$ cat target-v6.cif   # mmCIF, C-alpha atoms
data_input
#
loop_
_atom_site.label_atom_id
_atom_site.label_comp_id
_atom_site.auth_asym_id
_atom_site.auth_seq_id
_atom_site.Cartn_x
_atom_site.Cartn_y
_atom_site.Cartn_z
CA MET E 132 46.55 8.69 26.60
CA LYS E 133 43.07 8.24 28.05
CA ARG E 134 41.91 11.32 26.20
CA SER E 135 43.35 10.06 22.89
CA PHE E 136 41.58 6.72 23.34
CA LEU E 137 38.26 8.45 24.07
CA LEU E 138 38.59 10.67 20.99
CA LYS E 139 39.34 7.66 18.79
CA ALA E 140 36.39 5.76 20.24
CA LEU E 141 34.10 8.72 19.67
CA LEU E 142 35.33 9.06 16.09
CA CYS E 143 34.63 5.36 15.47
CA LEU E 144 31.10 5.78 16.83
CA VAL E 145 30.45 8.78 14.59
CA VAL E 146 31.76 6.96 11.50
CA THR E 147 29.67 3.87 12.36
CA PHE E 148 26.58 6.05 12.81
CA VAL E 149 27.10 7.83 9.48
CA LEU E 150 27.74 4.61 7.56
CA HIS E 151 24.94 2.54 9.07
CA VAL E 152 22.22 5.01 9.99
CA GLU E 153 22.45 7.73 7.33
CA LYS E 154 22.98 5.38 4.38
CA PRO E 155 19.44 3.92 4.22
CA PHE E 156 18.00 7.43 3.95
CA ALA E 157 20.28 8.68 1.19
CA GLN E 158 18.82 8.81 -2.29
CA SER E 159 20.15 6.29 -4.77
CA SER E 160 20.20 6.38 -8.55
CA LYS E 161 17.79 3.39 -8.48
CA GLN E 162 15.26 5.40 -6.46
CA ILE E 163 15.64 8.41 -8.77
CA THR E 164 15.05 6.13 -11.77
CA GLU E 165 11.96 4.58 -10.15
CA VAL E 166 10.44 7.99 -9.33
CA THR E 167 11.28 9.27 -12.82
CA GLN E 168 9.47 6.27 -14.29
CA ALA E 169 6.45 6.74 -12.00
CA THR E 170 6.26 10.41 -12.98
CA GLU E 171 6.40 9.50 -16.67
CA GLN E 172 3.71 6.83 -16.18
CA LEU E 173 1.53 9.46 -14.50
CA ARG E 174 2.11 11.92 -17.37
CA LYS E 175 1.19 9.31 -19.98
CA ALA E 176 -1.84 8.05 -18.01
CA MET E 177 -3.17 11.60 -17.71
CA VAL E 178 -2.89 12.16 -21.48
CA ASP E 179 -4.45 8.76 -22.24
CA ALA E 180 -7.08 9.03 -19.46
CA ASP E 181 -5.86 5.56 -18.45
CA THR E 182 -7.92 5.01 -15.30
CA LEU E 183 -6.38 1.61 -14.49
CA THR E 184 -2.85 3.03 -14.42
CA LEU E 185 -4.02 6.11 -12.51
CA LYS E 186 -5.68 3.92 -9.85
CA LYS E 187 -2.36 2.07 -9.37
CA LEU E 188 -0.19 5.19 -9.30
CA VAL E 189 -2.33 7.46 -7.11
CA SER E 190 -2.57 6.93 -3.35
CA SER E 191 -6.04 6.60 -1.84
CA GLU E 192 -4.93 9.47 0.43
CA VAL E 193 -3.93 11.83 -2.40
CA SER E 194 -4.40 15.57 -2.17
CA TYR E 195 -4.47 16.82 -5.76
CA GLY E 196 -4.18 20.60 -5.96
CA HIS E 197 -4.90 22.57 -9.11
CA SER E 198 -3.49 25.99 -10.01
CA THR E 199 -6.96 27.45 -9.43
CA GLY E 200 -6.89 26.37 -5.79
CA LYS E 201 -9.31 23.49 -6.37
CA LEU E 202 -8.44 20.37 -4.35
CA GLN E 203 -9.45 16.87 -5.33
CA ILE E 204 -9.39 13.39 -3.86
CA LYS E 205 -8.41 10.33 -5.92
CA LYS E 206 -11.92 9.53 -7.17
CA GLU E 207 -12.55 13.12 -8.35
CA PHE E 208 -9.16 13.47 -10.05
CA ILE E 209 -9.55 10.20 -12.00
CA SER E 210 -13.22 10.88 -12.81
CA ASP E 211 -12.42 14.29 -14.32
CA LEU E 212 -9.86 12.69 -16.65
CA ALA E 213 -12.17 9.79 -17.55
CA THR E 214 -15.14 12.06 -18.40
CA GLY E 215 -13.13 14.70 -20.28
CA ALA E 216 -13.87 17.41 -17.72
CA SER E 217 -10.07 17.60 -17.58
CA ASP E 218 -8.61 16.62 -20.96
CA PHE E 219 -4.88 16.72 -21.60
CA VAL E 220 -4.18 16.41 -25.33
CA SER E 221 -0.43 16.49 -24.61
CA ILE E 222 1.82 17.09 -21.62
CA ASN E 223 5.48 18.06 -21.77
CA LEU E 224 7.59 18.05 -18.58
CA THR E 225 10.80 20.10 -18.34
CA ASP E 226 13.29 21.27 -15.71
CA GLN E 227 12.56 18.22 -13.56
CA ASN E 228 14.29 17.87 -10.19
CA ILE E 229 13.87 14.84 -7.92
CA ASN E 230 14.87 14.50 -4.28
CA VAL E 231 14.36 11.18 -2.45
CA VAL E 232 14.54 10.84 1.33
CA GLY E 233 13.71 7.39 2.65
CA ASN E 234 10.37 6.31 1.22
CA THR E 235 9.36 9.85 0.17
CA ALA E 236 10.21 11.65 -3.06
CA ILE E 237 9.68 15.27 -4.03
CA VAL E 238 9.47 16.05 -7.75
CA ARG E 239 9.38 19.57 -9.18
CA HIS E 240 8.98 20.33 -12.85
CA ILE E 241 7.41 22.66 -15.41
CA LEU E 242 4.32 21.21 -17.09
CA THR E 243 3.33 22.59 -20.48
CA ALA E 244 0.13 21.08 -21.84
CA ALA E 245 -2.36 21.35 -24.65
CA THR E 246 -5.82 20.91 -23.14
CA ASN E 247 -9.35 20.46 -24.41
CA ASP E 248 -11.50 20.41 -21.27
CA LYS E 249 -15.20 19.64 -21.77
CA GLY E 250 -17.13 22.89 -22.04
CA LYS E 251 -13.98 25.04 -22.35
CA GLY E 252 -12.43 24.03 -25.65
CA PRO E 253 -8.73 24.01 -26.59
CA GLY E 254 -6.23 25.72 -24.34
CA ILE E 255 -2.61 25.83 -23.21
CA ALA E 256 -1.45 25.38 -19.62
CA LYS E 257 1.98 26.26 -18.27
CA LEU E 258 2.32 25.22 -14.64
CA GLY E 259 4.92 24.79 -11.94
CA ILE E 260 4.26 21.38 -10.37
CA LEU E 261 5.21 19.86 -7.03
CA LEU E 262 4.61 16.12 -6.68
CA VAL E 263 5.07 14.14 -3.47
CA TRP E 264 5.50 10.39 -3.93
CA ILE E 265 5.60 7.71 -1.22
CA LYS E 266 6.83 4.17 -1.58
CA ASN E 267 4.14 1.77 -0.39
CA LYS E 268 4.70 -2.00 -0.60
CA GLY E 269 7.46 -1.52 -3.17
CA GLN E 270 5.36 0.79 -5.39
CA TRP E 271 5.69 4.58 -5.73
CA GLU E 272 2.31 6.27 -5.21
CA LEU E 273 1.36 9.90 -5.71
CA LEU E 274 0.46 11.32 -2.28
CA ALA E 275 0.21 15.02 -3.15
CA ARG E 276 0.33 17.35 -6.12
CA GLN E 277 0.21 21.13 -6.24
CA ALA E 278 0.25 23.34 -9.31
CA VAL E 279 0.84 27.07 -9.75
CA LYS E 280 0.30 29.09 -12.93
CA LEU E 281 3.42 30.34 -14.65
CA PRO E 282 3.69 33.32 -17.02
#

$ encode --input "target-v6.cif" --output "structure tokens"
Amino acid sequence: MKRSFLLKALLCLVVTFVLHVEKPFAQSSKQITEVTQATEQLRKAMVDADTLTLKKLVSSEVSYGHSTGKLQIKKEFISDLATGASDFVSINLTDQNINVVGNTAIVRHILTAATNDKGKGPGIAKLGILLVWIKNKGQWELLARQAVKLP
């Protein structure tokens, strides 16, 4: 009888832990929607070279990695878009997958873009992208981005 009581008590503790501790860390459809929207805002701001939106979306601690291995901080990334050194004529995102854990989101997608970088002329980019977003004061901010060239 004592053993049965202890097992039931332990089971109640486990259920309580799962319901009250794990739940805040599980991803919700609201979080997925928010990250999807932030990713779309980033895509559009990159095409439009919208520096105001980029400043809001990108963390001051961002590590922005290009497929060439070049790394940039926030100021460099935004400046390249503003000056045309990096010019996205269009960006199409496909095969997007989002995973949210707490205040961190990981986004993977395929980026296909028409480019016209200053000094290089028109081009096409097909990249595998990893984005890391963090929620800071209710706003999703891009913390890290890494690209790899795809065939």

$ closest_residue --input "target-v6.cif" --among "E:Ile241, E:Leu173, E:Gly200, E:Ser210" --to "Asn228 of chain E" --atoms "all atoms listed in the file"
E:Ile241

$ resolve_selection --input "target-v6.cif" --expression "the PyMOL selection byres ((chain E and resi 162) around 12)" --output "PyMOL selection string"
chain E and resi 155-161+163-169+229-237+264-266+269-271

$ residues_near_point --input "target-v6.cif" --point "(2.6, 6.2, -16.1)" --cutoff "12 Å" --atoms "all atoms listed in the file" --output "number ranges by chain"
E: 165-189, 271-273

$ atom_distance --input "target-v6.cif" --atom1 "atom CA of Leu212 of chain E" --atom2 "atom CA of Gln227 of chain E"
23.3 Å

$ atom_distance --input "target-v6.cif" --atom1 "atom CA of Val263 of chain E" --atom2 "atom CA of Lys249 of chain E"
27.9 Å

$ closest_residue --input "target-v6.cif" --among "E:Glu207, E:Asp226, E:Asp218, E:Asp248" --to "Ser191 of chain E" --atoms "only C-alpha atoms"
E:Glu207

$ atom_distance --input "target-v6.cif" --atom1 "atom CA of Leu258 of chain E" --atom2 "atom CA of Lys206 of chain E"
22.5 Å

$ closest_residue --input "target-v6.cif" --among "E:Ser217, E:Gln277, E:Ser190, E:Thr246" --to "Leu202 of chain E" --atoms "all atoms listed in the file"
E:Gln277

$ closest_residue --input "target-v6.cif" --among "E:Thr214, E:Ser194, E:Thr199, E:Asn223" --to "Gly250 of chain E" --atoms "all atoms listed in the file"
E:Thr214

$ resolve_selection --input "target-v6.cif" --expression "the PyMOL selection byres ((chain E and resi 195) around 7)" --output "mmCIF file with C-alpha atoms, keeping the file's coordinate frame"
data_model
loop_
_atom_site.group_PDB
_atom_site.id
_atom_site.type_symbol
_atom_site.label_atom_id
_atom_site.label_comp_id
_atom_site.auth_asym_id
_atom_site.auth_seq_id
_atom_site.Cartn_x
_atom_site.Cartn_y
_atom_site.Cartn_z
ATOM 1 C CA VAL E 193 -3.930 11.830 -2.400
ATOM 2 C CA SER E 194 -4.400 15.570 -2.170
ATOM 3 C CA GLY E 196 -4.180 20.600 -5.960
ATOM 4 C CA HIS E 197 -4.900 22.570 -9.110
ATOM 5 C CA LEU E 202 -8.440 20.370 -4.350
ATOM 6 C CA GLN E 203 -9.450 16.870 -5.330
ATOM 7 C CA ILE E 204 -9.390 13.390 -3.860
ATOM 8 C CA ALA E 275 0.210 15.020 -3.150
ATOM 9 C CA ARG E 276 0.330 17.350 -6.120
ATOM 10 C CA GLN E 277 0.210 21.130 -6.240
#

$ closest_residue --input "target-v6.cif" --among "E:Lys268, E:Ser198, E:Glu192, E:Leu274" --to "Leu242 of chain E" --atoms "all atoms listed in the file"
E:Ser198

$ closest_residue --input "target-v6.cif" --among "E:Ala245, E:Val220, E:Leu281, E:Val238" --to "Leu261 of chain E" --atoms "only C-alpha atoms"
E:Val238

$ decode --input "target-v6.cif" --residues "segment 153-278 of chain E" --atoms "C-alpha atoms" --output "short mmCIF file (atom, residue, chain, number, x, y, z; two decimals), in the first residue's frame"
data_model
loop_
_atom_site.label_atom_id
_atom_site.label_comp_id
_atom_site.auth_asym_id
_atom_site.auth_seq_id
_atom_site.Cartn_x
_atom_site.Cartn_y
_atom_site.Cartn_z
CA GLU E 153 7.78 22.00 -20.20
CA LYS E 154 4.79 23.96 -21.52
CA PRO E 155 6.41 27.44 -21.56
CA PHE E 156 9.23 26.10 -23.72
CA ALA E 157 7.07 24.36 -26.31
CA GLN E 158 6.61 26.13 -29.61
CA SER E 159 3.18 27.54 -30.31
CA SER E 160 1.49 28.38 -33.58
CA LYS E 161 1.57 32.05 -32.50
CA GLN E 162 5.37 31.93 -32.16
CA ILE E 163 5.72 30.19 -35.52
CA THR E 164 3.54 32.88 -37.11
CA GLU E 165 5.59 35.68 -35.50
CA VAL E 166 8.90 34.20 -36.69
CA THR E 167 7.44 33.60 -40.17
CA GLN E 168 6.41 37.25 -40.29
CA ALA E 169 9.81 38.46 -39.07
CA THR E 170 11.53 36.33 -41.71
CA GLU E 171 9.27 37.76 -44.42
CA GLN E 172 9.92 41.32 -43.17
CA LEU E 173 13.66 40.61 -43.37
CA ARG E 174 13.31 39.24 -46.92
CA LYS E 175 11.36 42.30 -48.06
CA ALA E 176 13.68 44.76 -46.28
CA MET E 177 16.71 43.18 -47.96
CA VAL E 178 15.12 43.53 -51.42
CA ASP E 179 14.00 47.11 -50.70
CA ALA E 180 17.25 48.06 -48.89
CA ASP E 181 14.94 49.34 -46.14
CA THR E 182 17.50 50.36 -43.52
CA LEU E 183 14.90 51.42 -40.92
CA THR E 184 13.24 47.99 -40.94
CA LEU E 185 16.61 46.23 -40.99
CA LYS E 186 17.76 48.22 -37.93
CA LYS E 187 14.63 47.07 -36.06
CA LEU E 188 14.85 43.43 -37.14
CA VAL E 189 18.58 42.82 -36.71
CA SER E 190 20.16 42.43 -33.27
CA SER E 191 23.09 44.67 -32.41
CA GLU E 192 24.92 41.40 -31.65
CA VAL E 193 24.23 39.80 -35.05
CA SER E 194 26.73 37.51 -36.73
CA TYR E 195 25.85 37.59 -40.43
CA GLY E 196 27.64 34.86 -42.38
CA HIS E 197 27.82 34.79 -46.16
CA SER E 198 28.30 31.71 -48.34
CA THR E 199 31.81 32.97 -49.14
CA GLY E 200 32.81 32.76 -45.47
CA LYS E 201 32.66 36.53 -44.99
CA LEU E 202 31.24 37.57 -41.61
CA GLN E 203 29.58 40.89 -40.93
CA ILE E 204 28.28 42.85 -37.98
CA LYS E 205 24.99 44.77 -38.11
CA LYS E 206 26.45 48.04 -39.40
CA GLU E 207 28.34 46.32 -42.25
CA PHE E 208 25.39 44.16 -43.31
CA ILE E 209 22.99 47.13 -43.47
CA SER E 210 25.57 49.40 -45.12
CA ASP E 211 26.21 46.89 -47.93
CA LEU E 212 22.49 46.79 -48.72
CA ALA E 213 22.11 50.59 -48.49
CA THR E 214 25.07 51.29 -50.82
CA GLY E 215 24.26 48.57 -53.36
CA ALA E 216 27.43 46.61 -52.60
CA SER E 217 24.92 43.82 -51.91
CA ASP E 218 21.84 44.31 -54.10
CA PHE E 219 18.98 41.82 -54.07
CA VAL E 220 16.64 42.47 -57.00
CA SER E 221 14.37 39.66 -55.79
CA ILE E 222 14.46 36.97 -53.11
CA ASN E 223 12.35 33.81 -53.09
CA LEU E 224 12.29 31.58 -49.98
CA THR E 225 11.27 27.92 -50.22
CA ASP E 226 11.33 24.75 -48.10
CA GLN E 227 11.14 26.81 -44.90
CA ASN E 228 11.24 25.03 -41.54
CA ILE E 229 10.89 26.82 -38.20
CA ASN E 230 11.63 25.47 -34.74
CA VAL E 231 10.98 27.63 -31.66
CA VAL E 232 12.37 26.82 -28.22
CA GLY E 233 11.64 29.41 -25.55
CA ASN E 234 12.76 32.81 -26.83
CA THR E 235 14.94 31.35 -29.61
CA ALA E 236 13.89 30.32 -33.11
CA ILE E 237 15.82 28.46 -35.79
CA VAL E 238 14.72 28.99 -39.39
CA ARG E 239 16.09 27.00 -42.33
CA HIS E 240 15.14 27.67 -45.92
CA ILE E 241 16.38 27.79 -49.51
CA LEU E 242 17.00 31.32 -50.79
CA THR E 243 16.94 31.89 -54.53
CA ALA E 244 17.74 35.46 -55.52
CA ALA E 245 18.38 37.69 -58.48
CA THR E 246 21.26 40.00 -57.57
CA ASN E 247 22.92 43.05 -59.05
CA ASP E 248 25.82 43.80 -56.69
CA LYS E 249 27.77 47.00 -57.38
CA GLY E 250 30.79 46.18 -59.51
CA LYS E 251 29.63 42.62 -60.27
CA GLY E 252 26.49 43.05 -62.35
CA PRO E 253 23.46 40.74 -62.53
CA GLY E 254 23.65 37.30 -60.99
CA ILE E 255 21.67 34.45 -59.45
CA ALA E 256 22.22 33.08 -55.95
CA LYS E 257 20.90 29.78 -54.63
CA LEU E 258 21.72 29.36 -50.95
CA GLY E 259 20.86 27.20 -47.99
CA ILE E 260 20.15 29.59 -45.10
CA LEU E 261 20.15 29.15 -41.34
CA LEU E 262 18.67 32.04 -39.33
CA VAL E 263 18.69 32.28 -35.54
CA TRP E 264 16.12 34.65 -34.05
CA ILE E 265 15.79 35.73 -30.42
CA LYS E 266 12.81 37.39 -28.81
CA ASN E 267 13.92 40.58 -27.09
CA LYS E 268 11.35 42.82 -25.36
CA GLY E 269 8.52 41.22 -27.33
CA GLN E 270 10.28 41.64 -30.71
CA TRP E 271 11.97 38.91 -32.76
CA GLU E 272 15.52 39.97 -33.72
CA LEU E 273 17.96 38.27 -36.05
CA LEU E 274 20.92 37.09 -33.95
CA ALA E 275 22.74 34.95 -36.52
CA ARG E 276 22.61 34.01 -40.17
CA GLN E 277 24.72 31.55 -42.13
CA ALA E 278 24.53 30.76 -45.82
#
